[in-house]
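One file, model00.cif, carrying mmCIF, C-alpha atoms and all ligand atoms:
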```
data_protein
loop_
_atom_site.label_atom_id
_atom_site.label_comp_id
_atom_site.auth_asym_id
_atom_site.auth_seq_id
_atom_site.Cartn_x
_atom_site.Cartn_y
_atom_site.Cartn_z
CA MET D 102 95.25 139.23 141.65
CA VAL D 103 92.18 136.97 141.73
CA GLN D 104 92.59 134.17 139.19
CA PRO D 105 89.68 133.85 136.71
CA LYS D 106 87.55 130.73 137.20
CA ARG D 107 88.84 127.76 135.26
CA ASN D 108 86.34 126.61 132.64
CA ILE D 109 87.85 123.50 131.13
CA LEU D 110 86.67 121.83 127.94
CA ILE D 111 87.50 118.12 127.96
CA THR D 112 86.79 116.54 124.58
CA GLY D 113 86.07 112.80 124.28
CA GLY D 114 85.14 112.67 127.96
CA ALA D 115 82.58 109.91 127.41
CA GLY D 116 85.26 107.56 126.07
CA PHE D 117 87.67 105.30 127.91
CA ILE D 118 90.52 107.59 129.02
CA GLY D 119 88.40 110.75 128.84
CA SER D 120 85.89 109.43 131.39
CA HIS D 121 88.70 108.83 133.91
CA VAL D 122 90.06 112.33 133.30
CA VAL D 123 86.62 113.95 133.65
CA ARG D 124 85.93 112.03 136.88
CA LEU D 125 89.30 113.03 138.34
CA PHE D 126 88.88 116.74 137.48
CA VAL D 127 85.24 117.00 138.59
CA ASN D 128 85.97 115.39 141.96
CA LYS D 129 89.35 117.00 142.62
CA TYR D 130 88.57 120.56 141.50
CA PRO D 131 85.07 121.62 142.67
CA GLU D 132 86.13 125.23 141.99
CA TYR D 133 86.55 124.53 138.23
CA HIS D 134 83.75 123.96 135.76
CA ILE D 135 84.27 120.89 133.56
CA TYR D 136 82.57 120.84 130.15
CA ASN D 137 82.65 117.36 128.65
CA LEU D 138 82.19 117.64 124.87
CA ASP D 139 81.58 114.37 123.07
CA LYS D 140 79.83 113.27 119.88
CA LEU D 141 78.94 109.91 121.46
CA THR D 142 80.20 107.69 118.68
CA TYR D 143 80.11 103.92 119.24
CA ALA D 144 83.00 104.48 121.71
CA GLY D 145 81.33 107.20 123.78
CA ASN D 146 79.12 106.09 126.63
CA LEU D 147 77.59 108.35 129.28
CA GLU D 148 77.17 105.33 131.55
CA ASN D 149 80.92 105.71 132.18
CA LEU D 150 80.15 108.91 134.11
CA LYS D 151 76.96 108.03 136.01
CA ASP D 152 78.65 108.70 139.38
CA ILE D 153 79.46 112.35 138.60
CA GLU D 154 76.76 113.43 136.15
CA ASP D 155 74.81 115.41 138.78
CA LYS D 156 77.77 117.35 140.19
CA PRO D 157 77.25 121.14 139.99
CA ASN D 158 80.67 121.70 138.36
CA TYR D 159 79.95 119.33 135.45
CA THR D 160 78.17 119.86 132.12
CA PHE D 161 77.88 117.44 129.21
CA ILE D 162 77.69 118.82 125.66
CA LYS D 163 76.86 116.51 122.77
CA GLU D 164 78.75 117.91 119.79
CA ASP D 165 81.12 116.94 116.98
CA ILE D 166 84.60 118.50 117.26
CA CYS D 167 84.56 118.87 113.47
CA ASN D 168 81.65 121.34 113.68
CA TYR D 169 83.78 124.50 113.83
CA GLU D 170 80.92 127.01 114.17
CA ALA D 171 79.39 125.12 117.09
CA ILE D 172 82.77 124.71 118.79
CA LEU D 173 83.55 128.43 118.50
CA GLU D 174 80.15 129.26 119.99
CA ILE D 175 80.82 126.89 122.92
CA PHE D 176 84.21 128.53 123.58
CA GLN D 177 82.57 131.94 123.69
CA LYS D 178 79.40 130.99 125.56
CA TYR D 179 81.22 129.18 128.40
CA ASN D 180 84.34 131.33 128.44
CA ILE D 181 86.56 128.27 127.96
CA ASN D 182 90.11 128.97 129.13
CA GLY D 183 91.58 125.47 129.19
CA VAL D 184 91.30 122.52 126.80
CA ILE D 185 92.19 118.87 127.34
CA HIS D 186 91.66 117.25 123.96
CA LEU D 187 91.07 113.49 123.93
CA ALA D 188 88.28 113.07 121.35
CA ALA D 189 89.46 110.84 118.56
CA GLU D 190 88.89 107.71 116.58
CA SER D 191 91.25 105.43 118.48
CA HIS D 192 91.28 101.87 117.14
CA VAL D 193 93.99 100.81 114.66
CA ASP D 194 91.94 97.98 113.07
CA ARG D 195 89.08 100.37 112.33
CA SER D 196 91.53 102.86 110.80
CA ILE D 197 92.71 100.20 108.36
CA LYS D 198 89.12 99.71 107.16
CA ASP D 199 88.00 103.35 107.28
CA PRO D 200 90.91 105.83 107.13
CA PHE D 201 88.72 108.77 106.02
CA THR D 202 86.86 108.92 109.34
CA PHE D 203 90.21 108.98 111.14
CA ALA D 204 91.52 111.88 109.06
CA GLN D 205 88.25 113.74 109.51
CA THR D 206 87.95 113.41 113.30
CA ASN D 207 91.58 113.30 114.35
CA VAL D 208 93.01 115.89 111.96
CA MET D 209 90.12 118.18 111.00
CA GLY D 210 88.50 117.92 114.44
CA THR D 211 91.74 118.93 116.15
CA LEU D 212 92.19 121.78 113.68
CA SER D 213 88.68 123.02 114.39
CA LEU D 214 89.40 123.11 118.17
CA LEU D 215 92.74 124.87 117.63
CA GLN D 216 91.18 127.52 115.43
CA ALA D 217 88.29 128.09 117.88
CA ALA D 218 90.79 128.54 120.74
CA LYS D 219 92.87 130.94 118.65
CA VAL D 220 89.88 133.03 117.60
CA CYS D 221 88.25 133.07 121.03
CA TRP D 222 91.43 133.76 123.00
CA ASP D 223 92.56 136.34 120.43
CA GLY D 224 96.17 136.61 121.61
CA LYS D 225 95.22 136.94 125.30
CA TYR D 226 96.99 133.75 126.28
CA GLU D 227 97.76 134.46 129.96
CA GLY D 228 96.44 131.50 132.02
CA LYS D 229 95.17 129.71 128.90
CA ARG D 230 96.21 126.19 127.93
CA PHE D 231 95.50 123.83 125.01
CA TYR D 232 96.58 120.31 125.98
CA HIS D 233 96.51 117.67 123.24
CA ILE D 234 96.56 113.97 124.17
CA SER D 235 98.45 111.78 121.72
CA THR D 236 99.98 108.34 121.40
CA ASP D 237 103.41 106.72 121.27
CA GLU D 238 102.31 105.12 117.98
CA VAL D 239 103.31 108.31 116.11
CA TYR D 240 106.96 107.32 116.67
CA GLY D 241 106.58 104.15 114.58
CA SER D 242 108.02 100.80 115.56
CA LEU D 243 111.09 99.63 117.51
CA GLU D 244 113.17 96.48 117.06
CA PHE D 245 113.92 94.08 119.93
CA ASP D 246 117.04 96.06 120.77
CA GLY D 247 116.29 97.62 124.16
CA THR D 248 115.82 101.14 122.73
CA PHE D 249 112.96 103.46 123.73
CA PHE D 250 110.91 106.26 122.19
CA THR D 251 112.02 109.57 123.68
CA GLU D 252 110.61 113.06 123.10
CA GLU D 253 113.33 113.50 120.44
CA THR D 254 112.41 110.39 118.42
CA LYS D 255 111.41 111.32 114.86
CA TYR D 256 107.80 110.73 113.89
CA ASP D 257 107.37 107.65 111.67
CA PRO D 258 103.70 106.58 111.78
CA HIS D 259 102.61 103.44 109.92
CA SER D 260 98.87 102.94 110.43
CA PRO D 261 96.15 105.35 109.28
CA TYR D 262 95.39 105.85 113.01
CA SER D 263 98.95 106.84 113.93
CA ALA D 264 99.31 108.92 110.75
CA SER D 265 96.19 110.90 111.70
CA LYS D 266 97.42 111.40 115.28
CA ALA D 267 100.87 112.45 114.02
CA SER D 268 99.22 114.98 111.73
CA SER D 269 97.13 116.38 114.58
CA ASP D 270 100.25 116.68 116.78
CA HIS D 271 101.96 118.68 114.02
CA PHE D 272 98.97 121.02 113.74
CA VAL D 273 99.02 121.61 117.51
CA ARG D 274 102.73 122.53 117.42
CA ALA D 275 102.17 124.65 114.33
CA TYR D 276 99.52 126.68 116.19
CA HIS D 277 102.04 127.37 118.92
CA ASP D 278 104.87 128.23 116.55
CA THR D 279 102.72 130.34 114.21
CA TYR D 280 100.16 132.01 116.47
CA GLY D 281 101.68 131.59 119.95
CA LEU D 282 98.81 129.37 121.15
CA PRO D 283 99.84 127.93 124.57
CA THR D 284 99.94 124.24 123.66
CA ILE D 285 101.26 121.05 125.27
CA VAL D 286 101.41 117.58 123.68
CA THR D 287 101.82 114.25 125.45
CA ASN D 288 102.41 110.86 123.86
CA CYS D 289 101.29 107.91 125.95
CA SER D 290 101.69 104.15 125.65
CA ASN D 291 98.83 101.58 125.61
CA ASN D 292 96.28 102.16 128.38
CA TYR D 293 94.18 99.49 130.09
CA GLY D 294 91.59 99.47 132.86
CA PRO D 295 87.82 99.86 133.48
CA TYR D 296 85.50 101.29 130.78
CA GLN D 297 87.74 100.36 127.82
CA PHE D 298 85.71 99.42 124.78
CA PRO D 299 85.92 95.65 124.14
CA GLU D 300 87.57 95.94 120.74
CA LYS D 301 91.01 96.64 122.26
CA LEU D 302 93.13 93.63 123.22
CA ILE D 303 92.65 93.42 127.01
CA PRO D 304 88.87 93.95 127.37
CA LEU D 305 88.15 91.98 124.17
CA PHE D 306 90.05 88.98 125.47
CA ILE D 307 88.53 89.15 128.98
CA ASN D 308 85.07 89.26 127.42
CA ASN D 309 85.78 86.45 124.95
CA ILE D 310 87.08 84.18 127.73
CA LEU D 311 83.86 84.82 129.67
CA GLU D 312 81.82 83.91 126.58
CA GLY D 313 84.02 80.96 125.56
CA LYS D 314 84.84 82.65 122.24
CA PRO D 315 88.19 82.32 120.40
CA LEU D 316 91.00 84.73 121.29
CA PRO D 317 92.35 86.04 117.96
CA VAL D 318 96.13 86.46 118.33
CA TYR D 319 97.52 88.44 115.40
CA GLY D 320 100.54 86.82 113.71
CA LYS D 321 102.74 84.93 116.15
CA GLY D 322 101.78 87.04 119.16
CA GLU D 323 105.33 88.35 119.38
CA ASN D 324 104.56 92.07 119.10
CA VAL D 325 105.38 94.08 122.20
CA ARG D 326 103.35 96.87 123.83
CA ASP D 327 104.07 99.00 126.91
CA TRP D 328 100.99 99.00 129.19
CA LEU D 329 99.87 101.72 131.61
CA TYR D 330 96.90 101.65 134.00
CA VAL D 331 94.42 104.30 132.86
CA GLU D 332 94.20 106.09 136.23
CA ASP D 333 97.96 106.61 136.17
CA HIS D 334 97.55 108.27 132.76
CA ALA D 335 94.77 110.49 134.17
CA ARG D 336 97.04 111.53 137.07
CA ALA D 337 99.80 112.41 134.60
CA ILE D 338 97.34 114.50 132.56
CA ASP D 339 96.28 116.39 135.70
CA LEU D 340 99.91 117.11 136.62
CA ILE D 341 100.95 118.17 133.12
CA PHE D 342 97.86 120.33 132.59
CA HIS D 343 98.78 122.29 135.72
CA GLU D 344 102.58 122.18 135.73
CA GLY D 345 103.77 121.21 132.26
CA LYS D 346 105.80 123.71 130.24
CA ILE D 347 104.02 125.46 127.37
CA ALA D 348 105.16 124.28 123.92
CA ASP D 349 106.71 121.19 125.46
CA THR D 350 106.18 117.47 124.86
CA TYR D 351 106.13 114.72 127.49
CA ASN D 352 106.15 110.96 126.96
CA ILE D 353 104.00 108.95 129.37
CA GLY D 354 104.60 105.22 129.86
CA GLY D 355 104.84 102.46 132.40
CA PHE D 356 108.25 100.90 131.62
CA ASN D 357 106.05 97.82 131.38
CA GLU D 358 106.67 95.92 128.14
CA TRP D 359 104.77 92.74 127.37
CA LYS D 360 104.91 90.41 124.40
CA ASN D 361 101.25 89.97 123.36
CA ILE D 362 101.20 86.20 123.84
CA ASP D 363 102.69 86.47 127.35
CA LEU D 364 100.16 89.14 128.28
CA ILE D 365 97.33 87.00 126.89
CA LYS D 366 98.45 84.09 129.10
CA VAL D 367 98.35 86.38 132.16
CA ILE D 368 94.80 87.49 131.22
CA ILE D 369 93.63 83.89 130.78
CA LYS D 370 95.19 82.82 134.07
CA THR D 371 93.66 85.75 135.97
CA VAL D 372 90.15 85.30 134.52
CA ASP D 373 90.17 81.53 135.15
CA ARG D 374 91.40 82.04 138.73
CA LEU D 375 88.82 84.71 139.54
CA LEU D 376 86.07 82.48 138.09
CA GLY D 377 87.29 79.62 140.32
CA LYS D 378 88.26 77.46 137.32
CA PRO D 379 91.39 75.25 137.24
CA GLU D 380 94.49 76.82 135.67
CA GLY D 381 94.64 76.14 131.93
CA THR D 382 90.84 75.87 131.45
CA SER D 383 90.67 78.60 128.79
CA ASP D 384 94.08 78.05 127.12
CA HIS D 385 92.40 76.25 124.20
CA LEU D 386 90.69 79.53 123.16
CA ILE D 387 94.01 80.96 121.88
CA THR D 388 93.67 81.12 118.08
CA TYR D 389 96.44 82.44 115.85
CA VAL D 390 94.99 84.51 112.98
CA THR D 391 96.36 86.48 110.02
CA ASP D 392 98.55 89.34 111.19
CA ARG D 393 97.31 92.94 111.22
CA ALA D 394 98.48 94.83 108.09
CA GLY D 395 101.49 97.01 108.89
CA HIS D 396 101.55 95.68 112.47
CA ASP D 397 104.13 97.67 114.48
CA LEU D 398 106.54 95.27 116.15
CA ARG D 399 107.39 96.97 119.44
CA TYR D 400 106.48 100.13 121.38
CA ALA D 401 108.46 101.19 124.45
CA ILE D 402 108.30 104.61 126.06
CA ASP D 403 111.01 106.41 127.99
CA SER D 404 109.06 108.57 130.45
CA ASN D 405 112.11 109.77 132.42
CA LYS D 406 111.60 113.39 131.40
CA LEU D 407 108.19 113.42 133.10
CA LYS D 408 109.64 111.69 136.15
CA ASN D 409 112.66 114.02 136.43
CA GLU D 410 110.90 117.32 135.65
CA LEU D 411 107.47 116.83 137.26
CA GLY D 412 107.95 113.84 139.56
CA TRP D 413 105.35 111.54 137.95
CA GLU D 414 105.64 107.76 138.18
CA PRO D 415 103.09 104.98 137.62
CA SER D 416 101.56 104.02 140.96
CA LEU D 417 100.27 100.56 140.13
CA GLN D 418 102.23 97.35 139.51
CA PHE D 419 101.01 95.54 136.40
CA GLU D 420 99.83 92.41 138.28
CA GLU D 421 97.68 94.63 140.52
CA GLY D 422 96.33 96.61 137.54
CA ILE D 423 95.35 93.49 135.60
CA GLU D 424 93.66 91.98 138.65
CA LYS D 425 91.66 95.21 139.20
CA THR D 426 90.75 95.34 135.52
CA VAL D 427 89.58 91.72 135.26
CA ARG D 428 87.56 92.10 138.47
CA TRP D 429 85.93 95.26 137.08
CA TYR D 430 84.85 93.49 133.87
CA LEU D 431 83.54 90.51 135.86
CA ASP D 432 81.56 92.86 138.12
CA ASN D 433 80.25 95.01 135.25
CA GLN D 434 78.87 92.49 132.78
CA LYS D 435 75.81 94.70 132.30
CA TRP D 436 78.03 97.51 131.00
CA ILE D 437 79.57 95.12 128.47
CA LYS D 438 76.19 93.66 127.45
CA ASN D 439 74.78 97.15 126.82
CA ILE D 440 77.55 98.11 124.45
CA THR D 441 78.02 94.80 122.68
CA SER D 442 74.40 94.74 121.59
CA GLY D 443 72.86 97.04 118.97
CA GLY D 444 75.19 99.04 116.74
CA TYR D 445 78.35 97.44 117.95
CA GLU D 446 77.09 93.92 117.35
CA SER D 447 77.26 94.24 113.58
CA TYR D 448 80.85 95.50 113.66
CA TYR D 449 81.80 92.77 116.11
CA ASN D 450 80.36 90.10 113.84
CA THR D 451 81.97 91.58 110.73
CA ILE D 452 85.38 91.49 112.39
CA TYR D 453 84.80 87.93 113.51
CA LYS D 454 83.80 86.79 110.03
CA TYR D 455 86.91 88.47 108.66
CA LEU D 456 89.27 86.94 111.22
CA PHE D 457 87.96 83.40 111.20
CA LYS D 458 86.88 82.94 107.58
P1 LIG D 501 87.94 106.05 122.93
O1 LIG D 501 87.78 105.55 121.53
O2 LIG D 501 87.57 105.16 124.07
O3 LIG D 501 87.09 107.41 123.14
C1 LIG D 501 87.09 108.42 122.19
C2 LIG D 501 85.95 109.38 122.55
O4 LIG D 501 85.95 110.44 121.58
C3 LIG D 501 84.56 108.74 122.52
O5 LIG D 501 83.81 109.13 123.66
C4 LIG D 501 83.93 109.31 121.25
O6 LIG D 501 82.52 109.42 121.32
C5 LIG D 501 84.60 110.66 121.15
N1 LIG D 501 84.63 111.18 119.78
C6 LIG D 501 85.03 110.51 118.65
N2 LIG D 501 84.87 111.31 117.58
C7 LIG D 501 84.40 112.50 118.03
C8 LIG D 501 84.04 113.72 117.39
N3 LIG D 501 84.14 113.87 116.06
N4 LIG D 501 83.60 114.73 118.16
C9 LIG D 501 83.48 114.60 119.51
N5 LIG D 501 83.78 113.45 120.16
C10 LIG D 501 84.23 112.41 119.42
O7 LIG D 501 89.45 106.53 123.02
P2 LIG D 501 90.49 106.44 124.23
O8 LIG D 501 91.14 105.12 124.18
O9 LIG D 501 89.85 106.91 125.45
O10 LIG D 501 91.56 107.52 123.73
C11 LIG D 501 91.40 108.90 124.06
C12 LIG D 501 92.57 109.69 123.47
O11 LIG D 501 93.80 109.19 123.99
C13 LIG D 501 92.67 109.60 121.95
O12 LIG D 501 93.06 110.85 121.46
C14 LIG D 501 93.77 108.56 121.72
O13 LIG D 501 94.43 108.79 120.50
C15 LIG D 501 94.67 108.83 122.92
N6 LIG D 501 95.44 107.68 123.39
C16 LIG D 501 94.83 106.48 123.65
C17 LIG D 501 95.60 105.41 124.15
C18 LIG D 501 94.96 104.09 124.50
O14 LIG D 501 95.67 103.13 124.81
N7 LIG D 501 93.64 103.96 124.47
C19 LIG D 501 96.97 105.57 124.34
C20 LIG D 501 97.56 106.82 124.07
C21 LIG D 501 96.78 107.86 123.60
P1 LIG D 502 95.23 97.09 120.57
O1 LIG D 502 94.60 96.90 121.89
O2 LIG D 502 94.35 97.17 119.35
O3 LIG D 502 96.16 98.39 120.69
P2 LIG D 502 97.23 99.00 119.61
O4 LIG D 502 97.06 98.31 118.31
O5 LIG D 502 96.84 100.43 119.56
O6 LIG D 502 98.58 98.76 120.23
O7 LIG D 502 96.26 95.91 120.32
C1 LIG D 502 97.32 95.63 121.21
C2 LIG D 502 98.17 94.54 120.60
O8 LIG D 502 97.41 93.33 120.53
C3 LIG D 502 98.61 94.83 119.17
O9 LIG D 502 99.92 94.31 118.97
C4 LIG D 502 97.61 94.05 118.32
C5 LIG D 502 97.28 92.86 119.18
N1 LIG D 502 95.91 92.31 119.04
C6 LIG D 502 95.71 90.95 118.80
O10 LIG D 502 96.66 90.15 118.70
N2 LIG D 502 94.42 90.51 118.68
C7 LIG D 502 93.34 91.33 118.78
O11 LIG D 502 92.18 90.88 118.64
C8 LIG D 502 93.57 92.74 119.05
C9 LIG D 502 92.42 93.69 119.17
C10 LIG D 502 94.87 93.18 119.18
#
```

Write the structure described by the file as structure tokens, please.
Ligand code: NAD
Ligand code: TYD
Amino acid sequence: MVQPKRNILITGGAGFIGSHVVRLFVNKYPEYHIYNLDKLTYAGNLENLKDIEDKPNYTFIKEDICNYEAILEIFQKYNINGVIHLAAESHVDRSIKDPFTFAQTNVMGTLSLLQAAKVCWDGKYEGKRFYHISTDEVYGSLEFDGTFFTEETKYDPHSPYSASKASSDHFVRAYHDTYGLPTIVTNCSNNYGPYQFPEKLIPLFINNILEGKPLPVYGKGENVRDWLYVEDHARAIDLIFHEGKIADTYNIGGFNEWKNIDLIKVIIKTVDRLLGKPEGTSDHLITYVTDRAGHDLRYAIDSNKLKNELGWEPSLQFEEGIEKTVRWYLDNQKWIKNITSGGYESYYNTIYKYLFK
């Protein structure tokens, strides 16, 4: 039987991870049509996709995932038969200041997509797939005891961001269990790499070193995160979208834990070296500030299920990934300048006033 053409809706494709996923799918699958649906919030930037925007198998749609009527129309008009859902509010510090926006986009927006898929697909689920991208932060926080989050770890979110993502994950599973929608959920650790908005730790610190600004280390810098290069996440998403089991969950991580302060020292060393400055030049920028409220101590992902069942492993060593990332930010200062002016500037300054008052 001839397979129907794959028309895939990727939400949040103008953001950090989404742009890598869109690029991978558009280039790797010329026989698919990729619809990138994004509201273009402060975090969405079509410059991230300049290299593929003219490809015949790519269409950008500016829309809000919370607009149910519009989303349903898009499903019907383009005969969408696969969804990779990345659109979200994604920054923990923002969620502490503005939890309502996080509930609205992450919970109600996900619900609106689920309902549109259910109504449009109307029980004809053969070949259909609704893939929801989530975070390891839904599992809560680990101690320094060598344990890992597995797919069986109970949800225990602490920040408004992780609570909203946990809620959206539950809705996705509920749509499978109640209506039979063919869903998959993955929970990934912290991503880093090109095109990440400079409010997250790694790009913020690279940028601040370049500008000689203080590096605000929350608390004692002892919190631990597990870091994964963004293109390795995109490869995992490709594999799971095609070969993952319906109704299943996969954890994605790099087995790459770093204490914040140690990671920060690697960033400083790499930036100084690539700028040709003597080691230690930017160390004085480290500034300890008041800890983040409810700051999770440690995240660590066990991604053995994905390795054993589908054969995925991270391809990049951390040292290589950081070097590539720092080089990219050094070579793309115009990208940074464009997004740190205008609307973002006021947020940036507000945060700075708050941290250093
Ligand atoms: P991002 O903030 O860089 O991008 C989010 C994108 O979603 C932006 O393009 C934005 O314009 C769009 N968007 C926001 N609200 C929208 C709405 N209402 N309608 C349509 N589009 C909207 O985020 P990211 O870091 O690329 O994360 C993408 C996804 O991956 C999120 O679901 C996040 O929870 C998840 N995730 C991120 C990480 C990480 O380390 N960044 C780790 C694990 C999981
Ligand atoms: P972040 O990149 O915001 O990701 P997440 O909070 O989703 O893990 O932060 C990574 C770690 O770095 C986290 O422990 C908080 C810390 N951090 C700082 O110490 N200073 C900063 O300015 C930022 C943005 C984060």

Worksheet item: Mind listing as a list in words all residues within 8 Å of (99.0, 133.2, 125.4), counting only C-alpha atoms?
Response: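 The residues near that point, listed by chain and number, are Trp222, Gly224, Lys225, Tyr226, Glu227, Gly228, Lys229, Arg230, Gly281, Leu282 and Pro283 of chain D.
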
Neighbourhood of ligand LIG 502 (chain D) at 9 Å, counting only C-alpha atoms and all ligand atoms, reported as a PDB file with C-alpha atoms, keeping the file's coordinate frame:
```
ATOM      1  CA  SER D 191      91.250 105.430 118.480  1.00  0.00           C
ATOM      2  CA  HIS D 192      91.280 101.870 117.140  1.00  0.00           C
ATOM      3  CA  VAL D 193      93.990 100.810 114.660  1.00  0.00           C
ATOM      4  CA  ASP D 194      91.940  97.980 113.070  1.00  0.00           C
ATOM      5  CA  THR D 236      99.980 108.340 121.400  1.00  0.00           C
ATOM      6  CA  GLU D 238     102.310 105.120 117.980  1.00  0.00           C
ATOM      7  CA  TYR D 262      95.390 105.850 113.010  1.00  0.00           C
ATOM      8  CA  SER D 263      98.950 106.840 113.930  1.00  0.00           C
ATOM      9  CA  SER D 290     101.690 104.150 125.650  1.00  0.00           C
ATOM     10  CA  ASN D 291      98.830 101.580 125.610  1.00  0.00           C
ATOM     11  CA  ASN D 292      96.280 102.160 128.380  1.00  0.00           C
ATOM     12  CA  TYR D 293      94.180  99.490 130.090  1.00  0.00           C
ATOM     13  CA  PRO D 299      85.920  95.650 124.140  1.00  0.00           C
ATOM     14  CA  GLU D 300      87.570  95.940 120.740  1.00  0.00           C
ATOM     15  CA  LYS D 301      91.010  96.640 122.260  1.00  0.00           C
ATOM     16  CA  LEU D 302      93.130  93.630 123.220  1.00  0.00           C
ATOM     17  CA  ILE D 303      92.650  93.420 127.010  1.00  0.00           C
ATOM     18  CA  PRO D 304      88.870  93.950 127.370  1.00  0.00           C
ATOM     19  CA  LEU D 305      88.150  91.980 124.170  1.00  0.00           C
ATOM     20  CA  PHE D 306      90.050  88.980 125.470  1.00  0.00           C
ATOM     21  CA  LEU D 316      91.000  84.730 121.290  1.00  0.00           C
ATOM     22  CA  PRO D 317      92.350  86.040 117.960  1.00  0.00           C
ATOM     23  CA  VAL D 318      96.130  86.460 118.330  1.00  0.00           C
ATOM     24  CA  TYR D 319      97.520  88.440 115.400  1.00  0.00           C
ATOM     25  CA  GLY D 320     100.540  86.820 113.710  1.00  0.00           C
ATOM     26  CA  LYS D 321     102.740  84.930 116.150  1.00  0.00           C
ATOM     27  CA  GLY D 322     101.780  87.040 119.160  1.00  0.00           C
ATOM     28  CA  GLU D 323     105.330  88.350 119.380  1.00  0.00           C
ATOM     29  CA  ASN D 324     104.560  92.070 119.100  1.00  0.00           C
ATOM     30  CA  VAL D 325     105.380  94.080 122.200  1.00  0.00           C
ATOM     31  CA  ARG D 326     103.350  96.870 123.830  1.00  0.00           C
ATOM     32  CA  ASP D 327     104.070  99.000 126.910  1.00  0.00           C
ATOM     33  CA  LYS D 360     104.910  90.410 124.400  1.00  0.00           C
ATOM     34  CA  ASN D 361     101.250  89.970 123.360  1.00  0.00           C
ATOM     35  CA  ILE D 362     101.200  86.200 123.840  1.00  0.00           C
ATOM     36  CA  ILE D 365      97.330  87.000 126.890  1.00  0.00           C
ATOM     37  CA  TYR D 389      96.440  82.440 115.850  1.00  0.00           C
ATOM     38  CA  VAL D 390      94.990  84.510 112.980  1.00  0.00           C
ATOM     39  CA  ASP D 392      98.550  89.340 111.190  1.00  0.00           C
ATOM     40  CA  ARG D 393      97.310  92.940 111.220  1.00  0.00           C
ATOM     41  CA  HIS D 396     101.550  95.680 112.470  1.00  0.00           C
ATOM     42  CA  ASP D 397     104.130  97.670 114.480  1.00  0.00           C
ATOM     43  CA  LEU D 398     106.540  95.270 116.150  1.00  0.00           C
ATOM     44  CA  ARG D 399     107.390  96.970 119.440  1.00  0.00           C
ATOM     45  CA  TYR D 400     106.480 100.130 121.380  1.00  0.00           C
ATOM     46  CA  LEU D 456      89.270  86.940 111.220  1.00  0.00           C
TER      47      LEU D 456
END
```

Fill in: Surrounding residues as a ChimeraX atom specification, ligand LIG 501 (chain D), max 6 Å, only C-alpha atoms and all ligand atoms
/D:113-119,139-142,144-145,164-167,187-191,206,234-236,289-292

Worksheet item: Interatomic distance between atom CA of D:Arg374 and atom CA of D:Leu311?
Response: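 If I compute the distance from atom CA of D:Arg374 to atom CA of D:Leu311, I get 12.1 Å.
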
Discussion item. When you count all atoms listed in the file, which of these residues is closest to D:Cys221: D:Gly247, D:Gly422, D:Gly241, D:Gly183?
Written reply: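 Distance minimum relative to D:Cys221 lands on D:Gly183.
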
Worksheet entry | Nearest residue to D:Asp270 from the set D:Ala218, D:Met209, D:Leu125, D:Leu173 (distances using only C-alpha atoms) | D:Met209

Worksheet item: Which is closer to D:Glu132 than all the others in D:Lys106, D:His259, D:Lys163, D:Lys266, using all atoms listed in the file?
Response: D:Lys106

Response to the item:
Using all atoms listed in the file, the shortest atom-to-atom distance to D:Leu147 among D:Tyr296, D:Asp432, D:Tyr276, D:Val208 belongs to D:Tyr296

Would you compute, for all listed atoms of stretch 335-345 of chain D, the axis-aligned bounding box grown by 6 Å on each side, and then report its centre and edge lengths in Å rounded to one decimal, as AutoDock Vina command-line options?
```
--center_x 99.3 --center_y 116.4 --center_z 134.7 --size_x 21.0 --size_y 23.8 --size_z 16.8
```

Discussion item. For D:Glu170, find every residue with an atom within 10 Å (counting only C-alpha atoms), except residues of its own chain fewer than 5 positions away, and show them as a count of residues only.
Written reply: 3

Practice prompt. May I ask for the distance between atom CA of D:Tyr351 and atom CA of D:Thr284, given in Å to one decimal place?
Written response: 12.0 Å

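Distance check against D:Leu386 using only C-alpha atoms: of D:His343, D:His334, D:Lys314, D:Lys438, the minimum falls on D:Lys314.
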
Fill in: Among listed residues D:Asn357, D:Tyr430, D:Asn128, D:His233, nearest D:Val273 (using all atoms listed in the file)
D:His233

Discussion item. Residues within 9 Å of D:Phe249, please, as a PyMOL selection string. Count all atoms listed in the file; anything in the same chain fewer than 6 positions from it doesn't count.
Written reply: chain D and resi 243+400-403

Item to complete: Could you jot down the atom CA of D:Phe272 to atom CA of D:Ala335 separation for me, Å, one decimal place?
Response: 23.4 Å

Worksheet item: Could you pull the residues within 8 Å of D:Ile135, counting all atoms listed in the file, minus those fewer than 2 positions along the same chain, as a list in words?
Response: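 After dropping sequence-adjacent residues, the list is Asn108, Ile109, Leu110, Ile111, Val123, Phe126, Val127, Tyr133, Asn137, Asn158, Tyr159 and Thr160 of chain D.
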